[in-house]
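Structure first, commentary second.
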Amino acid sequence: MFVLGFPLLLIPFAIYNMIAFLTPGVSWTTPVATIHMVSGQDWVLTWEDLLLAFTILVLAVEILKSTRMGMRSIVDHVLAMALFIGMLVEFLLVRQAGTSTFFLLTMIGLVDVLVGFIVSIRSSQRQVELQTGSA
């Protein structure tokens, strides 16, 4: 599968940076749509909501990718860690990244790194148990 070895969370990270740096006047809290709910409440959907929802969906794919074993999986984990470090540095040092939206993107990146390593460790333990149990 071609997406292995490529951190998919790079996509929302790039989208955020393109919008933040190329269109500096755009606000993440600008309403995109207002949805009238059955309860009578109006739900105001913002650009921030859309980006974060998309990022969570990408995180789900990343978690599924982390269940695969092999050298490509290790490369994927290393790249996810590098992306998280880059996001953290940008959040701390770049003015345009000092927003709640970018903070949440960074936390999603952290979850990706942690889940990737935890799933890999747990599945490698099961492989060792199966190999020692059958001998």
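Please note that chains go A, B, ... in the order of the structure tokens, that every chain numbers its residues from 1, and that ligands are numbered from 1 in the order shown.
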Worksheet item: So which residues of segment 33-133 of chain A fall under alpha helix (DSSP H) by DSSP, listed as a ChimeraX atom specification?
Response: /A:47-65,71-93,100-133
Item to complete: Mind checking which residues fall within 8 Å of segment 112-117 of chain A, counting only C-alpha atoms, ignoring those fewer than 2 positions away in the same chain, and posting them as a PyMOL selection string?
Response: chain A and resi 59+62-63+66-67+77+80-81+84+108-110+119-121
Worksheet item: Looking at only C-alpha atoms, which of A:Tyr16, A:Asp42, A:Asp76, A:Ser27 is the one that sits closest to Phe91 of chain A?
Response: A:Tyr16
Taking the chain letters and numbering used in this document, name the residues of chain A that DSSP puts in strand (DSSP E or B), as a tab-separated table (two decimals) with N, CA and C atoms, in the first residue's frame.
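Written out: states-v6.tsv:
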```
chain	number	residue	atom	x	y	z
A	31	PRO	N	-17.70	31.46	10.25
A	31	PRO	CA	-18.73	30.44	9.99
A	31	PRO	C	-18.74	30.02	8.51
A	32	VAL	N	-18.86	28.72	8.30
A	32	VAL	CA	-18.98	28.16	6.96
A	32	VAL	C	-20.44	27.93	6.64
A	33	ALA	N	-21.14	27.37	7.61
A	33	ALA	CA	-22.56	27.07	7.43
A	33	ALA	C	-23.25	27.05	8.79
A	34	THR	N	-24.54	27.27	8.75
A	34	THR	CA	-25.36	27.13	9.95
A	34	THR	C	-26.36	26.02	9.68
A	35	ILE	N	-26.35	25.03	10.53
A	35	ILE	CA	-27.22	23.88	10.36
A	35	ILE	C	-28.30	23.95	11.44
A	36	HIS	N	-29.54	23.92	10.98
A	36	HIS	CA	-30.68	23.95	11.90
A	36	HIS	C	-30.97	22.54	12.36
A	42	ASP	N	-29.26	26.01	16.58
A	42	ASP	CA	-28.51	26.26	15.36
A	42	ASP	C	-27.05	25.91	15.62
A	43	TRP	N	-26.51	25.01	14.80
A	43	TRP	CA	-25.11	24.60	14.91
A	43	TRP	C	-24.33	25.38	13.88
A	44	VAL	N	-23.40	26.22	14.35
A	44	VAL	CA	-22.57	27.02	13.46
A	44	VAL	C	-21.28	26.26	13.19
A	45	LEU	N	-21.09	25.88	11.94
A	45	LEU	CA	-19.92	25.12	11.52
A	45	LEU	C	-18.86	26.10	11.04
A	46	THR	N	-17.64	25.98	11.60
A	46	THR	CA	-16.55	26.89	11.23
A	46	THR	C	-15.47	26.13	10.47
```
Worksheet item: Between atom CA of Leu104 of chain A and atom CA of Val26 of chain A, what is the spacing in Å?
Response: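 Between atom CA of Val26 of chain A and atom CA of Leu104 of chain A the gap is 18.3 Å.
Interatomic distance, atom CA of Ile85 of chain A against atom CA of Thr55 of chain A: 17.2 Å.
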